[in-house]
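For reference, work29.tsv is printed below; it contains TSV, C-alpha atoms.
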```tsv
chain	number	residue	atom	x	y	z
A	1	MET	CA	82.79	-60.34	83.36
A	2	LEU	CA	79.38	-59.11	84.52
A	3	LYS	CA	79.94	-55.83	82.67
A	4	SER	CA	80.71	-57.70	79.46
A	5	ALA	CA	77.62	-59.87	79.85
A	6	LEU	CA	75.44	-56.82	80.46
A	7	GLY	CA	76.98	-55.07	77.48
A	8	LEU	CA	76.27	-58.05	75.26
A	9	PHE	CA	72.72	-58.28	76.57
A	10	THR	CA	72.17	-54.60	75.76
A	11	LEU	CA	73.47	-55.05	72.22
A	12	VAL	CA	71.26	-58.09	71.67
A	13	SER	CA	68.26	-56.22	73.08
A	14	VAL	CA	68.89	-53.24	70.80
A	15	PHE	CA	69.26	-55.60	67.83
A	16	PHE	CA	65.98	-57.36	68.48
A	17	CYS	CA	64.15	-54.12	69.20
A	18	THR	CA	65.40	-52.80	65.87
A	19	GLN	CA	64.25	-55.97	64.15
A	20	ILE	CA	60.80	-55.85	65.71
A	21	SER	CA	60.31	-52.13	65.12
A	22	ALA	CA	61.13	-52.25	61.38
A	23	ALA	CA	58.30	-50.96	59.20
A	24	PRO	CA	55.41	-53.44	58.79
A	25	ILE	CA	54.36	-53.97	55.16
A	26	LEU	CA	50.81	-54.81	54.04
A	27	ILE	CA	50.16	-56.53	50.71
A	28	LEU	CA	46.58	-55.91	49.55
A	29	GLY	CA	46.03	-58.05	46.50
A	30	ASP	CA	44.13	-60.79	44.72
A	31	SER	CA	45.05	-64.32	43.60
A	32	LEU	CA	48.31	-63.13	42.02
A	33	SER	CA	49.53	-62.30	45.53
A	34	ALA	CA	47.56	-64.94	47.43
A	35	SER	CA	49.58	-67.91	46.09
A	36	TYR	CA	46.69	-69.26	44.04
A	37	GLY	CA	47.55	-72.78	42.87
A	38	VAL	CA	50.89	-72.66	44.70
A	39	ASP	CA	51.90	-73.68	48.22
A	40	GLU	CA	51.73	-70.56	50.38
A	41	ASP	CA	55.32	-70.98	51.57
A	42	LYS	CA	56.46	-70.90	47.93
A	43	GLY	CA	54.44	-67.81	47.02
A	44	TRP	CA	56.22	-64.57	46.18
A	45	VAL	CA	55.00	-62.80	49.34
A	46	ASN	CA	56.59	-65.45	51.55
A	47	LEU	CA	59.76	-65.37	49.45
A	48	LEU	CA	59.83	-61.59	49.93
A	49	ARG	CA	59.67	-62.14	53.70
A	50	ALA	CA	62.91	-64.11	53.47
A	51	LYS	CA	64.53	-61.21	51.61
A	52	LEU	CA	63.32	-58.62	54.15
A	53	PRO	CA	63.56	-60.51	57.46
A	54	GLU	CA	63.68	-57.29	59.48
A	55	HIS	CA	60.15	-56.38	58.33
A	56	GLU	CA	56.82	-57.93	59.21
A	57	ILE	CA	54.99	-58.58	55.94
A	58	ILE	CA	51.24	-59.09	56.28
A	59	ASN	CA	49.58	-60.73	53.28
A	60	GLY	CA	46.05	-59.34	53.10
A	61	SER	CA	45.48	-60.83	49.64
A	62	VAL	CA	42.43	-62.92	48.75
A	63	SER	CA	41.85	-64.90	45.57
A	64	GLY	CA	39.03	-63.42	43.49
A	65	GLU	CA	39.27	-60.07	45.27
A	66	THR	CA	38.06	-56.90	43.55
A	67	THR	CA	38.92	-53.31	44.41
A	68	ALA	CA	35.52	-53.05	46.13
A	69	GLY	CA	36.30	-56.09	48.29
A	70	GLY	CA	39.75	-54.77	49.13
A	71	LEU	CA	38.23	-51.43	50.10
A	72	ARG	CA	35.74	-53.10	52.44
A	73	ARG	CA	38.50	-55.04	54.20
A	74	LEU	CA	41.06	-52.25	54.33
A	75	PRO	CA	40.02	-50.40	57.53
A	76	ALA	CA	40.32	-53.58	59.63
A	77	LEU	CA	43.65	-54.47	58.02
A	78	LEU	CA	45.06	-50.99	58.66
A	79	GLU	CA	43.93	-51.20	62.27
A	80	SER	CA	45.36	-54.67	62.94
A	81	ALA	CA	48.56	-54.53	60.86
A	82	LYS	CA	49.42	-50.85	61.41
A	83	PRO	CA	51.61	-50.88	58.27
A	84	GLU	CA	54.04	-48.18	57.25
A	85	LEU	CA	53.85	-49.33	53.63
A	86	ILE	CA	50.99	-50.81	51.63
A	87	LEU	CA	51.46	-52.50	48.26
A	88	ILE	CA	48.14	-52.43	46.39
A	89	GLU	CA	47.79	-55.16	43.75
A	90	LEU	CA	44.12	-55.03	42.82
A	91	GLY	CA	42.03	-54.52	39.69
A	92	GLY	CA	42.51	-57.72	37.72
A	93	ASN	CA	39.18	-59.15	38.81
A	94	ASP	CA	37.46	-55.83	38.14
A	95	GLY	CA	38.69	-56.12	34.57
A	96	LEU	CA	37.69	-59.78	34.24
A	97	ARG	CA	34.18	-58.84	35.38
A	98	GLY	CA	33.97	-55.95	32.95
A	99	PHE	CA	33.73	-53.21	35.58
A	100	THR	CA	34.14	-49.71	34.21
A	101	PRO	CA	37.44	-47.86	34.52
A	102	GLN	CA	35.53	-45.23	36.51
A	103	GLN	CA	34.48	-47.82	39.11
A	104	LEU	CA	38.05	-49.06	39.26
A	105	LYS	CA	39.37	-45.53	39.80
A	106	GLU	CA	36.81	-44.65	42.47
A	107	ASN	CA	37.60	-47.73	44.56
A	108	LEU	CA	41.38	-47.41	44.21
A	109	THR	CA	41.16	-43.70	45.06
A	110	LYS	CA	39.39	-44.57	48.32
A	111	ILE	CA	41.96	-47.27	49.12
A	112	ILE	CA	44.81	-44.83	48.54
A	113	THR	CA	43.28	-41.96	50.52
A	114	LEU	CA	42.33	-44.22	53.42
A	115	SER	CA	45.92	-45.48	53.56
A	116	GLN	CA	47.42	-42.01	53.31
A	117	ALA	CA	45.10	-40.75	56.05
A	118	LYS	CA	46.86	-43.27	58.33
A	119	ASP	CA	50.28	-42.00	57.17
A	120	VAL	CA	50.92	-45.21	55.24
A	121	GLU	CA	53.28	-45.03	52.26
A	122	VAL	CA	51.49	-46.33	49.14
A	123	LEU	CA	53.02	-48.45	46.40
A	124	LEU	CA	50.51	-49.10	43.61
A	125	SER	CA	51.00	-52.01	41.25
A	126	GLU	CA	49.87	-51.45	37.69
A	127	ILE	CA	47.41	-54.07	36.40
A	128	MET	CA	46.75	-54.89	32.77
A	129	VAL	CA	43.82	-56.76	31.27
A	130	PRO	CA	44.20	-59.37	28.50
A	131	PRO	CA	44.28	-57.93	24.95
A	132	ASN	CA	41.06	-59.75	24.00
A	133	TYR	CA	39.17	-57.13	26.03
A	134	GLY	CA	39.86	-54.69	23.23
A	135	PRO	CA	42.50	-51.98	22.89
A	136	ARG	CA	40.20	-49.15	24.01
A	137	TYR	CA	39.17	-50.77	27.28
A	138	ALA	CA	42.72	-52.01	27.95
A	139	SER	CA	44.12	-48.52	27.38
A	140	MET	CA	41.52	-46.83	29.61
A	141	PHE	CA	42.07	-49.48	32.30
A	142	SER	CA	45.84	-49.04	32.29
A	143	GLN	CA	45.51	-45.24	32.28
A	144	VAL	CA	43.65	-45.36	35.61
A	145	TYR	CA	46.82	-46.50	37.38
A	146	LYS	CA	48.99	-43.85	35.72
A	147	ASP	CA	46.49	-41.13	36.62
A	148	LEU	CA	46.24	-42.28	40.24
A	149	ALA	CA	50.02	-42.33	40.65
A	150	SER	CA	50.22	-38.77	39.32
A	151	GLU	CA	47.22	-37.40	41.22
A	152	HIS	CA	48.24	-38.86	44.58
A	153	GLN	CA	52.01	-38.58	44.08
A	154	ILE	CA	52.60	-42.26	44.76
A	155	THR	CA	54.96	-44.76	43.17
A	156	LEU	CA	53.57	-46.90	40.36
A	157	LEU	CA	55.07	-50.39	40.24
A	158	PRO	CA	55.05	-51.84	36.68
A	159	PHE	CA	52.81	-54.88	36.30
A	160	PHE	CA	54.94	-57.81	37.48
A	161	MET	CA	53.16	-60.28	35.18
A	162	THR	CA	54.15	-58.54	31.94
A	163	GLN	CA	57.28	-60.63	31.29
A	164	ILE	CA	55.99	-63.78	33.01
A	165	ALA	CA	52.67	-64.07	31.16
A	166	THR	CA	54.47	-64.44	27.84
A	167	LYS	CA	56.38	-67.51	29.04
A	168	PRO	CA	54.18	-70.66	29.19
A	169	GLU	CA	56.75	-72.44	31.35
A	170	LEU	CA	56.11	-69.87	34.12
A	171	MET	CA	52.31	-70.04	33.94
A	172	GLN	CA	49.71	-72.39	35.34
A	173	ARG	CA	47.42	-74.24	32.95
A	174	ASP	CA	44.72	-71.56	33.23
A	175	GLY	CA	47.05	-69.11	31.49
A	176	ILE	CA	46.24	-66.46	34.12
A	177	HIS	CA	48.22	-67.35	37.23
A	178	PRO	CA	51.99	-67.69	37.67
A	179	ASN	CA	53.25	-71.12	38.72
A	180	ALA	CA	55.69	-71.99	41.50
A	181	GLU	CA	58.71	-71.43	39.24
A	182	ALA	CA	57.65	-67.83	38.62
A	183	GLN	CA	57.31	-66.84	42.29
A	184	GLY	CA	61.01	-66.21	42.82
A	185	ASP	CA	61.13	-63.96	39.75
A	186	ILE	CA	58.19	-61.94	41.07
A	187	ALA	CA	59.80	-61.53	44.50
A	188	GLU	CA	63.07	-60.37	42.88
A	189	PHE	CA	61.16	-57.92	40.66
A	190	ILE	CA	59.21	-56.39	43.56
A	191	LEU	CA	62.06	-56.28	46.10
A	192	PRO	CA	63.83	-53.07	44.92
A	193	TRP	CA	60.52	-51.23	44.61
A	194	VAL	CA	59.60	-52.09	48.19
A	195	LYS	CA	63.06	-51.16	49.45
A	196	ASN	CA	62.91	-47.79	47.72
A	197	ALA	CA	59.44	-47.10	49.10
A	198	LEU	CA	60.39	-47.78	52.73
```

So that I can check it, write out the structure of this file as structure tokens.
Amino acid sequence: MLKSALGLFTLVSVFFCTQISAAPILILGDSLSASYGVDEDKGWVNLLRAKLPEHEIINGSVSGETTAGGLRRLPALLESAKPELILIELGGNDGLRGFTPQQLKENLTKIITLSQAKDVEVLLSEIMVPPNYGPRYASMFSQVYKDLASEHQITLLPFFMTQIATKPELMQRDGIHPNAEAQGDIAEFILPWVKNAL
């Protein structure tokens, strides 16, 4: 009886140790990942937690964040979270503020290299600016992400807002942010990319 109890205890201990030791994931993003206008527990990051319960998912996203702001905060986040995977979802606010593609690339390059220096797997989310910014700027902006993925040999996640932004029923009134109904779709879209990157 005692042997059985000890055996069960060992199995439970191994199970929980496995659960706790699963790779931590850091999300470094802006309002699209920070549940802007949506209850945090209904945001896609929290929904992703429910789909990957064995992983600790740290949401380091801040509404209004630029690549420069993300870069400033990154060292502390890497130190505290000690992630094995980082999903970078930044650049939208750089575009909205008219920052140059070169500035965007410089900041994202530093974010990627800082992460890789800590042996963190990098998953980069593509970001697109609205078409009213002009086709030339939009093309140069989008190309930054493709170039970074190629240069640093990292996975480029397609922009998760592409299909959602065209559906008014999934958008908030500002026409920029996804609403609560869209969060589940975003989590489902991102899930296989995260799984493949781990």

Q: Go through A:Ile27, A:Leu191, A:Ile111, A:Val38 and flag the residue nearest His177 of chain A, using only C-alpha atoms for the distances.
A: A:Val38

**Q.** Best match for closeness to Asn46 of chain A among A:Gly184, A:Gln153, A:Leu148, A:Leu198, counting only C-alpha atoms
**A.** A:Gly184

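Interatomic distance, atom CA of Ala197 of chain A against atom CA of Asn93 of chain A: 25.7 Å.
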
Using all atoms listed in the file, what does the table of segment 22-96 of chain A residues within 12 Å of segment 161-164 of chain A look like, with each row giving the shortest atom pair and its distance in Å to one decimal, sorted by chain and ascending number, as JSON lines?
```
{"residue": "A:Leu32", "atom": "CA", "partner": "A:Met161", "partner_atom": "CA", "distance": 8.9}
{"residue": "A:Ser33", "atom": "CA", "partner": "A:Met161", "partner_atom": "CA", "distance": 11.2}
{"residue": "A:Glu89", "atom": "CA", "partner": "A:Met161", "partner_atom": "CA", "distance": 11.3}
{"residue": "A:Gly92", "atom": "CA", "partner": "A:Met161", "partner_atom": "CA", "distance": 11.2}
```

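Atom CA of Leu104 of chain A lies 6.8 Å from atom CA of Gly91 of chain A.
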